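**Q** File data_32.txt follows (compact mmCIF, N, CA and C atoms):
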# COMPACT_ATOMS: atom_id res chain seq x y z
N MET A 675 145.27 116.66 89.08
CA MET A 675 144.51 116.46 90.29
C MET A 675 143.27 117.37 90.32
N LYS A 676 143.44 118.63 89.89
CA LYS A 676 142.31 119.56 89.88
C LYS A 676 141.23 119.06 88.93
N LYS A 677 141.64 118.49 87.79
CA LYS A 677 140.68 117.97 86.82
C LYS A 677 139.94 116.77 87.41
N LEU A 678 140.64 115.92 88.14
CA LEU A 678 140.02 114.76 88.77
C LEU A 678 138.99 115.19 89.81
N MET A 679 139.32 116.21 90.64
CA MET A 679 138.39 116.72 91.65
C MET A 679 137.15 117.32 91.00
N THR A 680 137.35 118.09 89.94
CA THR A 680 136.22 118.69 89.23
C THR A 680 135.31 117.60 88.67
N THR A 681 135.88 116.58 88.07
CA THR A 681 135.11 115.47 87.52
C THR A 681 134.34 114.76 88.61
N LEU A 682 134.98 114.51 89.75
CA LEU A 682 134.31 113.85 90.87
C LEU A 682 133.16 114.69 91.40
N LEU A 683 133.37 115.98 91.58
CA LEU A 683 132.31 116.86 92.07
C LEU A 683 131.12 116.90 91.12
N LEU A 684 131.41 116.97 89.83
CA LEU A 684 130.32 116.98 88.84
C LEU A 684 129.56 115.66 88.84
N ALA A 685 130.26 114.57 89.07
CA ALA A 685 129.62 113.26 89.09
C ALA A 685 128.76 113.07 90.33
N LEU A 686 129.20 113.62 91.47
CA LEU A 686 128.48 113.45 92.73
C LEU A 686 127.36 114.46 92.94
N ALA A 687 127.38 115.58 92.24
CA ALA A 687 126.38 116.64 92.42
C ALA A 687 124.95 116.14 92.25
N PRO A 688 124.63 115.36 91.20
CA PRO A 688 123.24 114.89 91.06
C PRO A 688 122.80 114.00 92.22
N MET A 689 123.71 113.18 92.74
CA MET A 689 123.35 112.30 93.86
C MET A 689 123.08 113.12 95.11
N THR A 690 123.83 114.17 95.35
CA THR A 690 123.61 115.04 96.50
C THR A 690 122.25 115.71 96.39
N ALA A 691 121.90 116.18 95.21
CA ALA A 691 120.59 116.81 95.01
C ALA A 691 119.47 115.81 95.22
N ALA A 692 119.66 114.57 94.76
CA ALA A 692 118.63 113.56 94.93
C ALA A 692 118.42 113.22 96.40
N LEU A 693 119.49 113.19 97.19
CA LEU A 693 119.36 112.89 98.61
C LEU A 693 118.63 114.00 99.36
N ALA A 694 118.76 115.23 98.91
CA ALA A 694 118.12 116.36 99.57
C ALA A 694 116.67 116.54 99.14
N SER A 695 116.24 115.86 98.08
CA SER A 695 114.88 116.01 97.57
C SER A 695 113.89 115.31 98.48
N PRO A 696 112.68 115.88 98.62
CA PRO A 696 111.66 115.21 99.43
C PRO A 696 111.22 113.92 98.74
N SER A 697 110.74 112.98 99.54
CA SER A 697 110.25 111.72 98.98
C SER A 697 108.96 111.34 99.68
N ILE A 698 108.24 110.42 99.08
CA ILE A 698 107.00 109.92 99.66
C ILE A 698 107.27 108.50 100.13
N THR A 699 106.94 108.24 101.38
CA THR A 699 107.09 106.90 101.93
C THR A 699 105.70 106.35 102.21
N VAL A 700 105.40 105.19 101.64
CA VAL A 700 104.12 104.54 101.90
C VAL A 700 104.19 103.89 103.28
N PRO A 701 103.25 104.21 104.17
CA PRO A 701 103.28 103.64 105.52
C PRO A 701 103.20 102.11 105.48
N GLU A 702 103.85 101.47 106.45
CA GLU A 702 103.82 100.00 106.52
C GLU A 702 102.46 99.50 106.99
N GLU A 703 101.83 100.24 107.92
CA GLU A 703 100.53 99.84 108.43
C GLU A 703 99.48 99.97 107.34
N SER A 704 98.59 98.99 107.24
CA SER A 704 97.52 99.07 106.26
C SER A 704 96.36 98.17 106.69
N PHE A 705 95.20 98.42 106.13
CA PHE A 705 94.09 97.49 106.25
C PHE A 705 93.30 97.54 104.96
N SER A 706 92.62 96.45 104.66
CA SER A 706 91.94 96.32 103.36
C SER A 706 90.48 95.99 103.54
N LEU A 707 89.74 96.25 102.50
CA LEU A 707 88.36 95.82 102.43
C LEU A 707 88.10 95.25 101.05
N LYS A 708 87.19 94.28 101.01
CA LYS A 708 86.72 93.73 99.75
C LYS A 708 85.24 94.02 99.68
N GLY A 709 84.77 94.31 98.48
CA GLY A 709 83.36 94.62 98.33
C GLY A 709 82.89 94.47 96.91
N LYS A 710 81.79 95.13 96.62
CA LYS A 710 81.15 95.03 95.32
C LYS A 710 80.73 96.40 94.81
N MET A 711 80.69 96.51 93.50
CA MET A 711 80.16 97.69 92.85
C MET A 711 78.64 97.65 93.00
N LEU A 712 78.06 98.79 93.39
CA LEU A 712 76.61 98.88 93.53
C LEU A 712 75.94 99.54 92.35
N ASN A 713 76.61 100.57 91.79
CA ASN A 713 75.94 101.38 90.79
C ASN A 713 76.97 102.08 89.90
N VAL A 714 76.58 102.30 88.63
CA VAL A 714 77.34 103.13 87.71
C VAL A 714 76.36 104.09 87.07
N GLU A 715 76.68 105.36 87.13
CA GLU A 715 75.85 106.38 86.48
C GLU A 715 76.75 107.12 85.50
N LEU A 716 76.40 107.06 84.22
CA LEU A 716 77.20 107.71 83.20
C LEU A 716 76.82 109.18 83.08
N THR A 717 77.83 110.02 82.87
CA THR A 717 77.61 111.46 82.71
C THR A 717 78.32 111.92 81.44
N GLU A 718 78.16 113.19 81.11
CA GLU A 718 78.82 113.74 79.93
C GLU A 718 80.34 113.73 80.06
N THR A 719 80.84 113.84 81.29
CA THR A 719 82.29 113.93 81.49
C THR A 719 82.93 112.61 81.89
N ALA A 720 82.17 111.60 82.26
CA ALA A 720 82.68 110.26 82.59
C ALA A 720 81.60 109.50 83.33
N GLY A 721 81.57 109.61 84.69
CA GLY A 721 80.55 108.88 85.42
C GLY A 721 80.80 108.84 86.90
N VAL A 722 79.82 108.25 87.61
CA VAL A 722 79.91 108.07 89.05
C VAL A 722 79.79 106.58 89.34
N VAL A 723 80.75 106.06 90.09
CA VAL A 723 80.75 104.67 90.50
C VAL A 723 80.53 104.64 92.01
N THR A 724 79.65 103.75 92.48
CA THR A 724 79.41 103.56 93.90
C THR A 724 79.74 102.12 94.26
N VAL A 725 80.50 101.95 95.34
CA VAL A 725 80.88 100.61 95.82
C VAL A 725 80.55 100.51 97.31
N GLN A 726 80.51 99.27 97.82
CA GLN A 726 80.29 99.06 99.24
C GLN A 726 81.06 97.84 99.70
N GLY A 727 81.40 97.83 101.00
CA GLY A 727 82.10 96.70 101.59
C GLY A 727 82.14 96.85 103.10
N ILE A 728 82.84 95.93 103.77
CA ILE A 728 83.02 95.97 105.22
C ILE A 728 84.46 96.37 105.50
N ALA A 729 84.64 97.42 106.33
CA ALA A 729 85.98 97.97 106.57
C ALA A 729 86.29 98.08 108.05
N GLY A 730 86.50 96.97 108.73
CA GLY A 730 86.96 96.97 110.12
C GLY A 730 86.22 97.94 111.01
N ARG A 731 86.95 98.89 111.63
CA ARG A 731 86.36 99.82 112.60
C ARG A 731 85.28 100.72 112.00
N TYR A 732 85.26 100.86 110.67
CA TYR A 732 84.25 101.70 110.03
C TYR A 732 82.96 100.94 109.70
N GLY A 733 82.97 99.62 109.85
CA GLY A 733 81.78 98.82 109.57
C GLY A 733 81.47 98.78 108.08
N ARG A 734 80.18 98.81 107.75
CA ARG A 734 79.76 98.81 106.34
C ARG A 734 80.03 100.20 105.77
N VAL A 735 80.79 100.23 104.68
CA VAL A 735 81.14 101.51 104.06
C VAL A 735 80.57 101.60 102.66
N PHE A 736 80.26 102.82 102.27
CA PHE A 736 79.80 103.14 100.92
C PHE A 736 80.73 104.23 100.40
N LEU A 737 81.22 104.07 99.19
CA LEU A 737 82.18 105.00 98.60
C LEU A 737 81.73 105.41 97.21
N THR A 738 81.91 106.69 96.88
CA THR A 738 81.61 107.16 95.53
C THR A 738 82.89 107.63 94.85
N TYR A 739 82.91 107.45 93.56
CA TYR A 739 83.99 107.95 92.70
C TYR A 739 83.33 108.78 91.61
N ASN A 740 83.40 110.12 91.73
CA ASN A 740 82.87 111.03 90.72
C ASN A 740 83.99 111.28 89.72
N MET A 741 84.00 110.50 88.66
CA MET A 741 85.12 110.46 87.74
C MET A 741 84.99 111.47 86.60
N THR A 742 86.13 112.04 86.25
CA THR A 742 86.23 112.84 85.02
C THR A 742 87.37 112.25 84.21
N MET A 743 87.25 112.34 82.89
CA MET A 743 88.29 111.80 82.01
C MET A 743 89.33 112.85 81.67
N ASN A 744 90.53 112.41 81.53
CA ASN A 744 91.60 113.25 81.01
C ASN A 744 91.22 113.55 79.55
N PRO A 745 91.23 114.80 79.13
CA PRO A 745 90.81 115.11 77.76
C PRO A 745 91.69 114.49 76.69
N ASN A 746 92.88 114.03 77.06
CA ASN A 746 93.80 113.42 76.10
C ASN A 746 93.84 111.90 76.18
N SER A 747 92.99 111.29 77.04
CA SER A 747 93.02 109.84 77.20
C SER A 747 91.67 109.36 77.70
N ASP A 748 91.17 108.26 77.13
CA ASP A 748 89.91 107.70 77.60
C ASP A 748 90.13 106.62 78.66
N SER A 749 91.38 106.47 79.12
CA SER A 749 91.66 105.43 80.11
C SER A 749 92.32 105.98 81.37
N GLN A 750 92.18 107.28 81.62
CA GLN A 750 92.68 107.84 82.88
C GLN A 750 92.01 109.18 83.14
N GLY A 751 92.11 109.62 84.41
CA GLY A 751 91.53 110.89 84.76
C GLY A 751 91.64 111.15 86.25
N ALA A 752 90.76 112.00 86.75
CA ALA A 752 90.74 112.38 88.15
C ALA A 752 89.37 112.06 88.73
N PHE A 753 89.27 112.11 90.06
CA PHE A 753 87.97 111.92 90.70
C PHE A 753 87.93 112.63 92.05
N THR A 754 86.73 112.91 92.48
CA THR A 754 86.44 113.31 93.85
C THR A 754 85.39 112.34 94.35
N GLY A 755 85.16 112.33 95.64
CA GLY A 755 84.15 111.42 96.14
C GLY A 755 83.90 111.59 97.61
N ARG A 756 83.01 110.76 98.10
CA ARG A 756 82.65 110.74 99.51
C ARG A 756 82.69 109.30 99.98
N GLY A 757 82.92 109.14 101.25
CA GLY A 757 82.85 107.84 101.89
C GLY A 757 82.03 107.97 103.15
N MET A 758 81.31 106.89 103.51
CA MET A 758 80.51 106.89 104.73
C MET A 758 80.48 105.47 105.25
N GLY A 759 80.71 105.34 106.56
CA GLY A 759 80.67 104.02 107.18
C GLY A 759 79.86 104.07 108.47
N ILE A 760 79.19 102.96 108.77
CA ILE A 760 78.47 102.81 110.03
C ILE A 760 78.84 101.46 110.61
N ASN A 761 79.40 101.48 111.85
CA ASN A 761 79.80 100.21 112.45
C ASN A 761 78.63 99.57 113.22
N ASP A 762 78.88 98.41 113.85
CA ASP A 762 77.83 97.66 114.54
C ASP A 762 77.22 98.41 115.72
N GLU A 763 77.97 99.37 116.29
CA GLU A 763 77.45 100.16 117.41
C GLU A 763 76.67 101.39 116.93
N GLY A 764 76.57 101.59 115.62
CA GLY A 764 75.83 102.72 115.08
C GLY A 764 76.66 103.99 114.95
N VAL A 765 77.98 103.88 115.16
CA VAL A 765 78.85 105.05 115.02
C VAL A 765 79.09 105.31 113.54
N ARG A 766 78.82 106.54 113.12
CA ARG A 766 78.96 106.92 111.71
C ARG A 766 80.20 107.78 111.54
N GLN A 767 80.96 107.49 110.51
CA GLN A 767 82.10 108.30 110.10
C GLN A 767 81.92 108.61 108.62
N ALA A 768 82.44 109.75 108.19
CA ALA A 768 82.34 110.13 106.78
C ALA A 768 83.66 110.77 106.37
N GLY A 769 83.87 110.85 105.07
CA GLY A 769 85.10 111.46 104.60
C GLY A 769 85.01 111.96 103.18
N SER A 770 85.96 112.83 102.86
CA SER A 770 86.08 113.30 101.48
C SER A 770 87.27 112.60 100.84
N ARG A 771 87.19 112.44 99.52
CA ARG A 771 88.20 111.69 98.78
C ARG A 771 88.53 112.44 97.51
N GLN A 772 89.78 112.39 97.11
CA GLN A 772 90.19 112.96 95.84
C GLN A 772 91.43 112.22 95.34
N GLY A 773 91.50 112.07 94.02
CA GLY A 773 92.64 111.35 93.48
C GLY A 773 92.59 111.21 91.97
N VAL A 774 93.30 110.20 91.51
CA VAL A 774 93.39 109.91 90.09
C VAL A 774 93.04 108.45 89.84
N TRP A 775 92.69 108.14 88.60
CA TRP A 775 92.35 106.77 88.23
C TRP A 775 92.97 106.43 86.88
N LYS A 776 93.12 105.12 86.66
CA LYS A 776 93.65 104.63 85.39
C LYS A 776 92.97 103.30 85.09
N ARG A 777 92.56 103.11 83.84
CA ARG A 777 91.90 101.87 83.43
C ARG A 777 92.81 101.08 82.51
N GLU A 778 92.92 99.77 82.79
CA GLU A 778 93.61 98.83 81.91
C GLU A 778 92.64 97.69 81.65
N GLY A 779 92.11 97.62 80.43
CA GLY A 779 91.10 96.62 80.12
C GLY A 779 89.84 96.89 80.91
N THR A 780 89.41 95.89 81.73
CA THR A 780 88.21 96.07 82.54
C THR A 780 88.52 96.46 83.98
N VAL A 781 89.78 96.69 84.29
CA VAL A 781 90.20 97.00 85.66
C VAL A 781 90.54 98.48 85.80
N ILE A 782 89.87 99.14 86.76
CA ILE A 782 90.16 100.54 87.08
C ILE A 782 90.90 100.56 88.41
N THR A 783 92.04 101.25 88.45
CA THR A 783 92.79 101.44 89.69
C THR A 783 92.68 102.91 90.07
N TYR A 784 92.30 103.14 91.33
CA TYR A 784 92.13 104.49 91.88
C TYR A 784 93.22 104.72 92.94
N TYR A 785 93.82 105.90 92.95
CA TYR A 785 94.75 106.30 93.99
C TYR A 785 94.17 107.57 94.62
N SER A 786 93.99 107.56 95.95
CA SER A 786 93.34 108.71 96.57
C SER A 786 93.96 109.08 97.91
N LEU A 787 93.66 110.31 98.32
CA LEU A 787 93.91 110.79 99.67
C LEU A 787 92.55 111.03 100.29
N ASP A 788 92.32 110.42 101.45
CA ASP A 788 91.02 110.50 102.11
C ASP A 788 91.17 111.20 103.46
N ASP A 789 90.24 112.09 103.76
CA ASP A 789 90.20 112.81 105.03
C ASP A 789 88.92 112.39 105.74
N VAL A 790 89.05 111.71 106.90
CA VAL A 790 87.91 111.10 107.57
C VAL A 790 87.51 111.90 108.80
N SER A 791 86.21 111.90 109.12
CA SER A 791 85.68 112.70 110.22
C SER A 791 86.21 112.28 111.60
N ASP A 792 86.81 111.09 111.73
CA ASP A 792 87.39 110.69 113.02
C ASP A 792 88.82 111.22 113.20
N GLY A 793 89.27 112.07 112.26
CA GLY A 793 90.60 112.66 112.36
C GLY A 793 91.67 111.90 111.60
N ASN A 794 91.35 110.73 111.07
CA ASN A 794 92.32 109.96 110.30
C ASN A 794 92.41 110.47 108.87
N GLN A 795 93.59 110.33 108.30
CA GLN A 795 93.81 110.59 106.89
C GLN A 795 94.49 109.36 106.31
N ASN A 796 94.09 108.97 105.12
CA ASN A 796 94.59 107.75 104.51
C ASN A 796 95.04 107.97 103.08
N LEU A 797 96.10 107.28 102.71
CA LEU A 797 96.49 107.11 101.33
C LEU A 797 95.84 105.80 100.92
N CYS A 798 95.11 105.78 99.80
CA CYS A 798 94.35 104.58 99.43
C CYS A 798 94.63 104.15 98.00
N LYS A 799 94.63 102.84 97.81
CA LYS A 799 94.67 102.25 96.47
C LYS A 799 93.46 101.34 96.37
N SER A 800 92.64 101.56 95.35
CA SER A 800 91.44 100.77 95.13
C SER A 800 91.49 100.16 93.75
N VAL A 801 91.00 98.93 93.64
CA VAL A 801 90.97 98.24 92.35
C VAL A 801 89.55 97.72 92.13
N LEU A 802 88.97 98.09 90.99
CA LEU A 802 87.62 97.67 90.63
C LEU A 802 87.65 96.99 89.28
N ASP A 803 87.15 95.75 89.23
CA ASP A 803 87.00 95.06 87.95
C ASP A 803 85.56 95.29 87.51
N ILE A 804 85.38 96.13 86.50
CA ILE A 804 84.02 96.49 86.10
C ILE A 804 83.28 95.35 85.40
N SER A 805 84.00 94.30 84.98
CA SER A 805 83.31 93.17 84.36
C SER A 805 82.70 92.24 85.40
N THR A 806 83.27 92.18 86.61
CA THR A 806 82.73 91.30 87.65
C THR A 806 82.09 92.07 88.80
N GLY A 807 82.43 93.36 88.94
CA GLY A 807 81.94 94.16 90.06
C GLY A 807 82.77 93.98 91.32
N GLU A 808 83.80 93.15 91.27
CA GLU A 808 84.65 92.92 92.45
C GLU A 808 85.48 94.16 92.73
N PHE A 809 85.61 94.50 94.03
CA PHE A 809 86.27 95.72 94.46
C PHE A 809 87.17 95.40 95.64
N GLU A 810 88.39 95.96 95.64
CA GLU A 810 89.29 95.82 96.78
C GLU A 810 89.99 97.14 97.01
N MET A 811 90.09 97.52 98.28
CA MET A 811 90.70 98.80 98.64
C MET A 811 91.66 98.58 99.79
N THR A 812 92.84 99.19 99.70
CA THR A 812 93.81 99.14 100.79
C THR A 812 94.04 100.55 101.29
N PHE A 813 93.91 100.74 102.61
CA PHE A 813 94.11 102.02 103.29
C PHE A 813 95.49 102.02 103.93
N TYR A 814 96.21 103.11 103.78
CA TYR A 814 97.49 103.30 104.46
C TYR A 814 97.36 104.56 105.31
N PRO A 815 97.16 104.40 106.65
CA PRO A 815 97.01 105.58 107.51
C PRO A 815 98.24 106.48 107.44
N LEU A 816 98.00 107.79 107.36
CA LEU A 816 99.11 108.75 107.31
C LEU A 816 99.39 109.29 108.71
Can you present the structure in this file as structure tokens?
**A**
Amino acid sequence: MKKLMTTLLLALAPMTAALASPSITVPEESFSLKGKMLNVELTETAGVVTVQGIAGRYGRVFLTYNMTMNPNSDSQGAFTGRGMGINDEGVRQAGSRQGVWKREGTVITYYSLDDVSDGNQNLCKSVLDISTGEFEMTFYPL
């Protein structure tokens, strides 16, 4: 019986630790924008991509991705950036952005955390097809 209890405790210990570990939950609420790539500027470390689109309450938005490459891979890295939007009433909001990116073929996927001047913070996933210039971004308010 003692051996059975010891075996059970050892088997359940990893599950108990996993339940106590913090996790990330992606919020259910989201909104998206579709847009186009405006500019690419190549640098020694990677480049800067600028996109624009219409984003609901933020109106017309412009976003930059100041990309750096992972020194061990030419298809992934990190980025910082800025965002700025002006809605139809002339209200301007701006934000800082930071995250990581990964390229598969002609498609770059960006994952970022954005801090906006209206007090909102967003988890974002952006997809840019560099062959067509098509851009789509989904915001998940935190």
**Q** In Å, how far is it from atom C of Leu797 in chain A to atom N of Asn761 in chain A?
**A** 20.2 Å
**Q** Using only N, CA and C atoms, can you tell me which of A:Ser800, A:Thr724, A:Thr717, A:Ser770 comes closest to Phe736 in chain A?
**A**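 Ranked by minimum distance to Phe736 in chain A, first place goes to A:Thr724.
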**Q** Could you work out how far atom C of Asn744 in chain A lies from atom C of Glu810 in chain A, giving the answer in Å with one decimal?
**A**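 Separating atom C of Glu810 in chain A from atom C of Asn744 in chain A is a distance of 24.0 Å.
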**Q** Between atom C of Val725 in chain A and atom C of Thr806 in chain A, what is the spacing in Å?
**A**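 These two atoms are separated by 12.1 Å.
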**Q** Using all atoms listed in the file, can you tell me which of A:Val700, A:Leu712, A:Val722, A:Val790 comes closest to Gln767 in chain A?
**A**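 Ranking A:Val700, A:Leu712, A:Val722, A:Val790 by distance to Gln767 in chain A, first place goes to A:Val790.
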**Q** Under the rule that all atoms listed in the file are counted, which of A:Met758, A:Asp788, A:Ile782, A:Glu718 is the nearest residue to Ile804 in chain A?
**A** A:Ile782
**Q** Using only C-alpha atoms, which of the listed residues (A:Asn740, A:Gly730, A:Val765, A:Ala752) sits closest to Ser704 in chain A?
**A** A:Gly730
**Q** Choose the residue, out of A:Gly764, A:Ile728, A:Ile698, A:Thr780, that has the smallest atom-to-atom separation from Asp803 in chain A; count all atoms listed in the file.
**A**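 Looking at the shortest contact to Asp803 in chain A, the residue is A:Thr780.
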**Q** Write out as a list of chain:residue names which residues come within 6.5 Å of Arg777 in chain A when counting all atoms listed in the file, dropping same-chain ones fewer than 5 positions away.
**A**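 Here the qualifying residues turn out to be A:Ser749, A:Gln750, A:Ile782, A:Thr783.
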**Q** Taking the chain letters and numbering used in this document, name the residues of chain A that DSSP puts in helix (DSSP H, G or I), as a list of chain:residue names.
**A**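 Assigned to helix (DSSP H, G or I), within chain A: A:Lys676, A:Lys677, A:Leu678, A:Met679, A:Thr680, A:Thr681, A:Leu682, A:Leu683, A:Leu684, A:Ala685, A:Leu686, A:Ala687, A:Pro688, A:Met689, A:Thr690, A:Ala691, A:Ala692, A:Leu693, A:Ala694, A:Gly730, A:Arg731, A:Tyr732.
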**Q** Please identify the strand (DSSP E) residues within chain A (assignment by DSSP from backbone atoms) and present them as an NGL selection string.
**A** :A and (705-716 or 720-728 or 734-743 or 750-760 or 766-778 or 781-790 or 795-803 or 808-815)
**Q** Compare A:Glu702, A:Asp762, A:Glu715, A:Glu778 by their minimum atom-to-atom distance to Arg734 in chain A, counting only C-alpha atoms, and give me the closest one.
**A**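 Closest to Arg734 in chain A, using only C-alpha atoms: A:Asp762.
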**Q** Excluding Gly807 in chain A and residues on its chain fewer than 2 positions from it, collect all residues at most 6 Å away from it, counting all atoms listed in the file, and give them as an MDAnalysis selection string.
**A** chainID A and resid 709:711 803:805 809
**Q** Range 711-715 of chain A, all listed atoms, 6 Å padding on each side: what axis-aligned box centre and edge lengths in Å to one decimal come out, as lines of an AutoDock Vina configuration file?
**A**
center_x = 78.3
center_y = 101.8
center_z = 89.5
size_x = 16.8
size_y = 22.6
size_z = 20.0
**Q** Find the spatial neighbours of Gln795 in chain A, counting only N, CA and C atoms, within a cut-off of 6.5 Å - ignore same-chain residues fewer than 6 positions away - and output them as a CSV table (one decimal) with N, CA and C atoms, keeping the file's coordinate frame.
**A**
chain,number,residue,atom,x,y,z
A,788,ASP,N,92.3,110.4,101.4
A,788,ASP,CA,91.0,110.5,102.1
A,788,ASP,C,91.2,111.2,103.5
A,789,ASP,N,90.2,112.1,103.8
A,789,ASP,CA,90.2,112.8,105.0
A,789,ASP,C,88.9,112.4,105.7
A,814,TYR,N,96.2,103.1,103.8
A,814,TYR,CA,97.5,103.3,104.5
A,814,TYR,C,97.4,104.6,105.3
A,815,PRO,N,97.2,104.4,106.6
A,815,PRO,CA,97.0,105.6,107.5
A,815,PRO,C,98.2,106.5,107.4
A,816,LEU,N,98.0,107.8,107.4
A,816,LEU,CA,99.1,108.8,107.3
A,816,LEU,C,99.4,109.3,108.7
